[in-house]
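Source file: entry27.cif. Holds: mmCIF, C-alpha atoms; chains and numbers go by the auth columns.
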```
data_target
#
loop_
_atom_site.group_PDB
_atom_site.id
_atom_site.type_symbol
_atom_site.label_atom_id
_atom_site.label_comp_id
_atom_site.label_asym_id
_atom_site.label_seq_id
_atom_site.Cartn_x
_atom_site.Cartn_y
_atom_site.Cartn_z
_atom_site.B_iso_or_equiv
_atom_site.auth_seq_id
_atom_site.auth_asym_id
ATOM 1 C CA MET A 1 0.000 0.000 0.000 0.00 1035 H
ATOM 2 C CA ALA A 2 2.892 2.378 0.722 0.00 1036 H
ATOM 3 C CA THR A 3 4.021 1.938 -2.888 0.00 1037 H
ATOM 4 C CA TYR A 4 0.961 3.951 -3.934 0.00 1038 H
ATOM 5 C CA ALA A 5 0.338 6.132 -0.891 0.00 1039 H
ATOM 6 C CA LEU A 6 3.827 7.580 -0.443 0.00 1040 H
ATOM 7 C CA PRO A 7 4.245 8.915 -4.007 0.00 1041 H
ATOM 8 C CA ALA A 8 0.776 10.478 -3.739 0.00 1042 H
ATOM 9 C CA LEU A 9 1.680 12.078 -0.422 0.00 1043 H
ATOM 10 C CA SER A 10 5.030 13.265 -1.780 0.00 1044 H
ATOM 11 C CA GLY A 11 3.272 14.833 -4.725 0.00 1045 H
ATOM 12 C CA VAL A 12 0.939 16.697 -2.386 0.00 1046 H
ATOM 13 C CA LEU A 13 4.002 18.350 -0.837 0.00 1047 H
ATOM 14 C CA MET A 14 4.705 19.902 -4.241 0.00 1048 H
ATOM 15 C CA ILE A 15 1.676 22.107 -3.576 0.00 1049 H
ATOM 16 C CA LEU A 16 3.803 24.059 -1.104 0.00 1050 H
ATOM 17 C CA VAL A 17 6.392 24.762 -3.764 0.00 1051 H
ATOM 18 C CA VAL A 18 3.780 25.761 -6.357 0.00 1052 H
ATOM 19 C CA VAL A 19 1.958 28.077 -3.943 0.00 1053 H
ATOM 20 C CA GLU A 20 4.941 29.676 -2.237 0.00 1054 H
ATOM 21 C CA LEU A 21 7.583 29.755 -4.960 0.00 1055 H
ATOM 22 C CA GLY A 22 5.594 29.382 -8.173 0.00 1056 H
ATOM 23 C CA ARG A 23 5.581 26.926 -11.042 0.00 1057 H
ATOM 24 C CA GLN A 24 8.941 28.173 -12.298 0.00 1058 H
ATOM 25 C CA TRP A 25 10.555 26.673 -9.172 0.00 1059 H
ATOM 26 C CA ALA A 26 8.238 23.712 -8.817 0.00 1060 H
ATOM 27 C CA PHE A 27 9.439 21.882 -11.920 0.00 1061 H
ATOM 28 C CA PRO A 28 13.164 21.970 -10.946 0.00 1062 H
ATOM 29 C CA VAL A 29 12.182 20.798 -7.448 0.00 1063 H
ATOM 30 C CA PHE A 30 10.272 17.907 -9.037 0.00 1064 H
ATOM 31 C CA VAL A 31 13.268 16.965 -11.211 0.00 1065 H
ATOM 32 C CA ALA A 32 15.685 17.115 -8.271 0.00 1066 H
ATOM 33 C CA THR A 33 13.340 15.078 -6.091 0.00 1067 H
ATOM 34 C CA ALA A 34 12.845 12.503 -8.839 0.00 1068 H
ATOM 35 C CA LEU A 35 16.602 12.124 -9.347 0.00 1069 H
ATOM 36 C CA LEU A 36 17.375 11.872 -5.635 0.00 1070 H
ATOM 37 C CA SER A 37 14.579 9.396 -5.014 0.00 1071 H
ATOM 38 C CA SER A 38 15.792 7.298 -7.953 0.00 1072 H
ATOM 39 C CA PHE A 39 19.128 6.878 -6.207 0.00 1073 H
ATOM 40 C CA LEU A 40 18.048 6.776 -2.571 0.00 1074 H
ATOM 41 C CA ALA A 41 14.607 5.169 -2.339 0.00 1075 H
ATOM 42 C CA ALA A 42 14.401 1.418 -1.935 0.00 1076 H
ATOM 43 C CA ASP A 43 10.961 1.006 -3.548 0.00 1077 H
ATOM 44 C CA LYS A 44 11.612 1.669 -7.231 0.00 1078 H
ATOM 45 C CA GLU A 45 7.969 1.157 -8.156 0.00 1079 H
ATOM 46 C CA ALA A 46 7.025 4.000 -5.795 0.00 1080 H
ATOM 47 C CA VAL A 47 9.711 6.166 -7.396 0.00 1081 H
ATOM 48 C CA LEU A 48 8.299 5.313 -10.800 0.00 1082 H
ATOM 49 C CA LEU A 49 4.800 6.394 -9.732 0.00 1083 H
ATOM 50 C CA PHE A 50 6.211 9.662 -8.403 0.00 1084 H
ATOM 51 C CA ILE A 51 8.049 10.327 -11.658 0.00 1085 H
ATOM 52 C CA VAL A 52 5.292 9.350 -14.105 0.00 1086 H
ATOM 53 C CA PHE A 53 2.467 11.138 -12.306 0.00 1087 H
ATOM 54 C CA PHE A 54 2.346 12.192 -8.663 0.00 1088 H
ATOM 55 C CA GLY A 55 5.442 14.376 -8.649 0.00 1089 H
ATOM 56 C CA TYR A 56 4.411 16.749 -11.409 0.00 1090 H
ATOM 57 C CA TYR A 57 0.617 16.522 -11.098 0.00 1091 H
ATOM 58 C CA PRO A 58 0.220 19.398 -8.592 0.00 1092 H
ATOM 59 C CA ILE A 59 2.187 21.635 -10.983 0.00 1093 H
ATOM 60 C CA LEU A 60 0.064 20.556 -13.935 0.00 1094 H
ATOM 61 C CA LYS A 61 -3.130 20.817 -11.863 0.00 1095 H
ATOM 62 C CA SER A 62 -2.408 24.478 -11.180 0.00 1096 H
ATOM 63 C CA LEU A 63 -2.240 25.060 -14.938 0.00 1097 H
ATOM 64 C CA LEU A 64 -5.209 22.914 -15.923 0.00 1098 H
ATOM 65 C CA GLU A 65 -7.499 24.551 -13.396 0.00 1099 H
ATOM 66 C CA GLN A 66 -6.999 27.890 -15.117 0.00 1100 H
ATOM 67 C CA ILE A 67 -8.924 26.578 -18.126 0.00 1101 H
ATOM 68 C CA ARG A 68 -12.352 28.227 -18.144 0.00 1102 H
ATOM 69 C CA GLN A 69 -14.202 25.199 -19.526 0.00 1103 H
ATOM 70 C CA LYS A 70 -14.305 22.817 -16.567 0.00 1104 H
ATOM 71 C CA TRP A 71 -15.174 19.833 -18.763 0.00 1105 H
ATOM 72 C CA LEU A 72 -11.997 20.427 -20.801 0.00 1106 H
ATOM 73 C CA SER A 73 -9.927 20.758 -17.645 0.00 1107 H
ATOM 74 C CA TRP A 74 -11.285 17.439 -16.336 0.00 1108 H
ATOM 75 C CA LEU A 75 -10.856 15.734 -19.700 0.00 1109 H
ATOM 76 C CA LEU A 76 -7.200 16.759 -19.831 0.00 1110 H
ATOM 77 C CA LYS A 77 -6.652 15.662 -16.221 0.00 1111 H
ATOM 78 C CA PHE A 78 -8.056 12.204 -16.978 0.00 1112 H
ATOM 79 C CA ILE A 79 -6.061 11.921 -20.204 0.00 1113 H
ATOM 80 C CA VAL A 80 -2.857 12.757 -18.326 0.00 1114 H
ATOM 81 C CA PHE A 81 -3.693 10.333 -15.509 0.00 1115 H
ATOM 82 C CA ASN A 82 -4.490 7.443 -17.846 0.00 1116 H
ATOM 83 C CA ALA A 83 -1.458 8.061 -20.051 0.00 1117 H
ATOM 84 C CA ALA A 84 0.761 8.211 -16.960 0.00 1118 H
ATOM 85 C CA MET A 85 -0.642 5.010 -15.473 0.00 1119 H
ATOM 86 C CA ILE A 86 -0.314 3.103 -18.750 0.00 1120 H
ATOM 87 C CA THR A 87 3.235 4.402 -19.142 0.00 1121 H
ATOM 88 C CA GLY A 88 3.947 3.430 -15.534 0.00 1122 H
ATOM 89 C CA PHE A 89 2.633 -0.085 -16.130 0.00 1123 H
ATOM 90 C CA PHE A 90 4.878 -0.647 -19.146 0.00 1124 H
ATOM 91 C CA ALA A 91 7.852 0.944 -17.392 0.00 1125 H
ATOM 92 C CA ALA A 92 7.306 -1.358 -14.393 0.00 1126 H
ATOM 93 C CA VAL A 93 7.175 -4.422 -16.629 0.00 1127 H
ATOM 94 C CA TYR A 94 9.983 -3.557 -19.055 0.00 1128 H
ATOM 95 C CA LEU A 95 12.319 -1.335 -17.006 0.00 1129 H
ATOM 96 C CA LEU A 96 11.834 -2.602 -13.474 0.00 1130 H
ATOM 97 C CA MET A 97 11.268 -6.162 -14.694 0.00 1131 H
ATOM 98 C CA VAL A 98 8.112 -6.716 -12.655 0.00 1132 H
ATOM 99 C CA PRO A 99 6.786 -10.062 -13.923 0.00 1133 H
ATOM 100 C CA ILE A 100 3.587 -9.668 -15.954 0.00 1134 H
ATOM 101 C CA GLU A 101 2.157 -12.612 -14.011 0.00 1135 H
ATOM 102 C CA GLU A 102 1.969 -10.293 -10.980 0.00 1136 H
ATOM 103 C CA PHE A 103 -0.827 -8.469 -12.786 0.00 1137 H
ATOM 104 C CA THR A 104 -3.092 -11.499 -13.144 0.00 1138 H
ATOM 105 C CA ILE A 105 -5.312 -13.517 -10.852 0.00 1139 H
ATOM 106 C CA GLY A 106 -5.991 -16.841 -12.510 0.00 1140 H
ATOM 107 C CA THR A 107 -6.824 -15.894 -16.077 0.00 1141 H
ATOM 108 C CA VAL A 108 -8.009 -12.344 -15.279 0.00 1142 H
ATOM 109 C CA PHE A 109 -5.627 -9.638 -16.494 0.00 1143 H
ATOM 110 C CA LEU A 110 -5.943 -6.960 -13.784 0.00 1144 H
ATOM 111 C CA PRO A 111 -4.414 -3.797 -15.280 0.00 1145 H
ATOM 112 C CA TRP A 112 -7.595 -2.781 -17.092 0.00 1146 H
ATOM 113 C CA ILE A 113 -9.690 -3.308 -13.965 0.00 1147 H
ATOM 114 C CA LEU A 114 -7.121 -1.449 -11.877 0.00 1148 H
ATOM 115 C CA LEU A 115 -7.065 1.412 -14.393 0.00 1149 H
ATOM 116 C CA ILE A 116 -10.843 1.790 -14.176 0.00 1150 H
ATOM 117 C CA LEU A 117 -10.717 1.734 -10.368 0.00 1151 H
ATOM 118 C CA GLY A 118 -7.713 4.060 -10.510 0.00 1152 H
ATOM 119 C CA ASN A 119 -9.809 6.649 -12.344 0.00 1153 H
ATOM 120 C CA VAL A 120 -12.272 6.670 -9.456 0.00 1154 H
ATOM 121 C CA VAL A 121 -9.443 7.004 -6.936 0.00 1155 H
ATOM 122 C CA PHE A 122 -7.873 9.749 -9.082 0.00 1156 H
ATOM 123 C CA LEU A 123 -11.129 11.710 -8.957 0.00 1157 H
ATOM 124 C CA LEU A 124 -11.044 11.487 -5.146 0.00 1158 H
ATOM 125 C CA TYR A 125 -7.315 12.367 -5.108 0.00 1159 H
ATOM 126 C CA ASP A 126 -7.873 15.453 -7.243 0.00 1160 H
ATOM 127 C CA TYR A 127 -10.736 16.557 -5.018 0.00 1161 H
ATOM 128 C CA ALA A 128 -8.616 15.971 -1.885 0.00 1162 H
ATOM 129 C CA VAL A 129 -5.682 17.913 -3.337 0.00 1163 H
ATOM 130 C CA SER A 130 -8.021 20.824 -4.103 0.00 1164 H
ATOM 131 C CA GLY A 131 -9.280 20.712 -0.530 0.00 1165 H
ATOM 132 C CA LEU A 132 -5.720 20.679 0.801 0.00 1166 H
ATOM 133 C CA VAL A 133 -4.872 23.733 -1.299 0.00 1167 H
ATOM 134 C CA VAL A 134 -7.844 25.599 0.165 0.00 1168 H
ATOM 135 C CA LEU A 135 -6.904 24.477 3.693 0.00 1169 H
ATOM 136 C CA TYR A 136 -3.296 25.509 3.144 0.00 1170 H
ATOM 137 C CA PHE A 137 -4.334 28.977 1.997 0.00 1171 H
ATOM 138 C CA GLN A 138 -6.701 29.386 4.936 0.00 1172 H
ATOM 139 C CA ARG A 139 -4.352 28.204 7.672 0.00 1173 H
ATOM 140 C CA PHE A 140 -0.713 28.322 6.627 0.00 1174 H
ATOM 141 C CA HIS A 141 -0.073 30.500 3.583 0.00 1175 H
ATOM 142 C CA GLY A 142 0.255 33.690 5.568 0.00 1176 H
ATOM 143 C CA LEU A 143 2.694 32.123 8.020 0.00 1177 H
ATOM 144 C CA PHE A 144 5.006 30.591 5.447 0.00 1178 H
ATOM 145 C CA SER A 145 4.693 33.504 3.075 0.00 1179 H
ATOM 146 C CA LYS A 146 5.982 35.931 5.715 0.00 1180 H
ATOM 147 C CA TRP A 147 8.788 33.570 6.641 0.00 1181 H
ATOM 148 C CA LEU A 148 9.849 32.857 3.033 0.00 1182 H
ATOM 149 C CA HIS A 149 9.751 36.440 1.850 0.00 1183 H
ATOM 150 C CA LYS A 150 11.464 37.920 4.891 0.00 1184 H
ATOM 151 C CA LYS A 151 14.491 39.988 3.974 0.00 1185 H
#
```

Write the structure described by the file as structure tokens, please.
Amino acid sequence: MATYALPALSGVLMILVVVELGRQWAFPVFVATALLSSFLAADKEAVLLFIVFFGYYPILKSLLEQIRQKWLSWLLKFIVFNAAMITGFFAAVYLLMVPIEEFTIGTVFLPWILLILGNVVFLLYDYAVSGLVVLYFQRFHGLFSKWLHKK
């Protein structure tokens, strides 16, 4: 479970960088974090999930939510999520050498089922991230903003 939860939680921390320092700093922070985690983290599948989706999603979310047509914003979010998860699956199988048999139960090939369920979880994740952004602005933004921009 930590393989999925920790990259998602790590990605949420990128919100702080986006809010306090801006997107121009958030992407280099993502790249540095991805490189360091590639070398230091023991769970390479978790690192892969961070790199293919969770690490950059808060940065992308801040851009996609500026689109006036909400349906287009959501469509693009789901396209990015699905492309990232499919890419992550193939990277896990062909780069990390996770046996394809690990994705089956009997004769049922699970990735398609997991992708459908993942879309539901992604919807909840996106909603939760939005709520965390609001909470951060209400409770902490003023505190950190004063501290960060102190001369």

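Near Lys1111 (chain H), within a cut-off of 9 Å and counting all atoms listed in the file, sit the residues Tyr1091, Leu1094, Lys1095, Leu1098, Leu1106, Ser1107, Phe1115 and Asn1116 of chain H, with same-chain residues fewer than 4 positions away left out.
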
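CA of Met1119 (chain H) to CA of Phe1064 (chain H) spans 18.1 Å [interatomic distance, one decimal].
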
Subject >> Residues selected by the PyMOL selection byres ((chain H and resi 1156) around 12), written as a VMD selection string >> reply: chain H and resid 1038 1042 1087 to 1088 1091 1108 1111 to 1116 1118 to 1119 1148 to 1155 1157 to 1163

Write out the residues from the selection above, keeping C-alpha atoms, as a PDB file, in the frame of the given file.
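Output saved as out37.pdb:
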```pdb
ATOM      1  CA  TYR H1038       0.961   3.951  -3.934  1.00  0.00           C
ATOM      2  CA  ALA H1042       0.776  10.478  -3.739  1.00  0.00           C
ATOM      3  CA  PHE H1087       2.467  11.138 -12.306  1.00  0.00           C
ATOM      4  CA  PHE H1088       2.346  12.192  -8.663  1.00  0.00           C
ATOM      5  CA  TYR H1091       0.617  16.522 -11.098  1.00  0.00           C
ATOM      6  CA  TRP H1108     -11.285  17.439 -16.336  1.00  0.00           C
ATOM      7  CA  LYS H1111      -6.652  15.662 -16.221  1.00  0.00           C
ATOM      8  CA  PHE H1112      -8.056  12.204 -16.978  1.00  0.00           C
ATOM      9  CA  ILE H1113      -6.061  11.921 -20.204  1.00  0.00           C
ATOM     10  CA  VAL H1114      -2.857  12.757 -18.326  1.00  0.00           C
ATOM     11  CA  PHE H1115      -3.693  10.333 -15.509  1.00  0.00           C
ATOM     12  CA  ASN H1116      -4.490   7.443 -17.846  1.00  0.00           C
ATOM     13  CA  ALA H1118       0.761   8.211 -16.960  1.00  0.00           C
ATOM     14  CA  MET H1119      -0.642   5.010 -15.473  1.00  0.00           C
ATOM     15  CA  LEU H1148      -7.121  -1.449 -11.877  1.00  0.00           C
ATOM     16  CA  LEU H1149      -7.065   1.412 -14.393  1.00  0.00           C
ATOM     17  CA  ILE H1150     -10.843   1.790 -14.176  1.00  0.00           C
ATOM     18  CA  LEU H1151     -10.717   1.734 -10.368  1.00  0.00           C
ATOM     19  CA  GLY H1152      -7.713   4.060 -10.510  1.00  0.00           C
ATOM     20  CA  ASN H1153      -9.809   6.649 -12.344  1.00  0.00           C
ATOM     21  CA  VAL H1154     -12.272   6.670  -9.456  1.00  0.00           C
ATOM     22  CA  VAL H1155      -9.443   7.004  -6.936  1.00  0.00           C
ATOM     23  CA  LEU H1157     -11.129  11.710  -8.957  1.00  0.00           C
ATOM     24  CA  LEU H1158     -11.044  11.487  -5.146  1.00  0.00           C
ATOM     25  CA  TYR H1159      -7.315  12.367  -5.108  1.00  0.00           C
ATOM     26  CA  ASP H1160      -7.873  15.453  -7.243  1.00  0.00           C
ATOM     27  CA  TYR H1161     -10.736  16.557  -5.018  1.00  0.00           C
ATOM     28  CA  ALA H1162      -8.616  15.971  -1.885  1.00  0.00           C
ATOM     29  CA  VAL H1163      -5.682  17.913  -3.337  1.00  0.00           C
TER      30      VAL H1163
END
```

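Counting all atoms listed in the file, the residue from H:Ile1147, H:Ile1120, H:Leu1166, H:Ile1093 that sits nearest to Gly1056 (chain H) is H:Ile1093.
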
Original post:
What residues come out when you apply the PyMOL selection byres ((chain H and resi 1045) around 8) to this file, written as a ChimeraX atom specification?
Top reply: /H:1041-1044,1046-1049,1084,1088-1092

For the selection you just gave me, I'd like the residues written to a file as a PDB file, in the frame of the given file, keeping C-alpha atoms.
```pdb
ATOM      1  CA  PRO H1041       4.245   8.915  -4.007  1.00  0.00           C
ATOM      2  CA  ALA H1042       0.776  10.478  -3.739  1.00  0.00           C
ATOM      3  CA  LEU H1043       1.680  12.078  -0.422  1.00  0.00           C
ATOM      4  CA  SER H1044       5.030  13.265  -1.780  1.00  0.00           C
ATOM      5  CA  VAL H1046       0.939  16.697  -2.386  1.00  0.00           C
ATOM      6  CA  LEU H1047       4.002  18.350  -0.837  1.00  0.00           C
ATOM      7  CA  MET H1048       4.705  19.902  -4.241  1.00  0.00           C
ATOM      8  CA  ILE H1049       1.676  22.107  -3.576  1.00  0.00           C
ATOM      9  CA  PHE H1084       6.211   9.662  -8.403  1.00  0.00           C
ATOM     10  CA  PHE H1088       2.346  12.192  -8.663  1.00  0.00           C
ATOM     11  CA  GLY H1089       5.442  14.376  -8.649  1.00  0.00           C
ATOM     12  CA  TYR H1090       4.411  16.749 -11.409  1.00  0.00           C
ATOM     13  CA  TYR H1091       0.617  16.522 -11.098  1.00  0.00           C
ATOM     14  CA  PRO H1092       0.220  19.398  -8.592  1.00  0.00           C
TER      15      PRO H1092
END
```

Subject >> Atomic distance CA of Ile1085 (chain H) - CA of Ser1071 (chain H), expressed in Å with one decimal >> reply: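 Going from CA of Ile1085 (chain H) over to CA of Ser1071 (chain H) covers 9.4 Å.
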
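Residues lying at most 7 Å from (3.0, 27.0, -11.8) in file coordinates, with all atoms listed in the file considered, are Val1052, Gly1056, Arg1057, Gln1058, Ala1060, Ile1093, Ser1096 and Leu1097 of chain H.
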
Original post:
Lys1078 (chain H): which residues within 12 Å, counting only C-alpha atoms, same-chain residues fewer than 4 positions away excluded, as a list in words?
Top reply: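 Near Lys1078 (chain H), the qualifying residues are Ala1036, Thr1037, Tyr1038, Leu1040, Pro1041, Ala1068, Leu1069, Leu1070, Ser1071, Ser1072, Phe1073, Leu1074, Leu1082, Leu1083, Phe1084, Ile1085, Gly1122, Ala1125, Ala1126, Leu1129, Leu1130, Met1131 and Val1132 of chain H.
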
Original post:
Any idea what the distance is between CA of Lys1104 (chain H) and CA of Gln1172 (chain H)?
Top reply: 23.7 Å
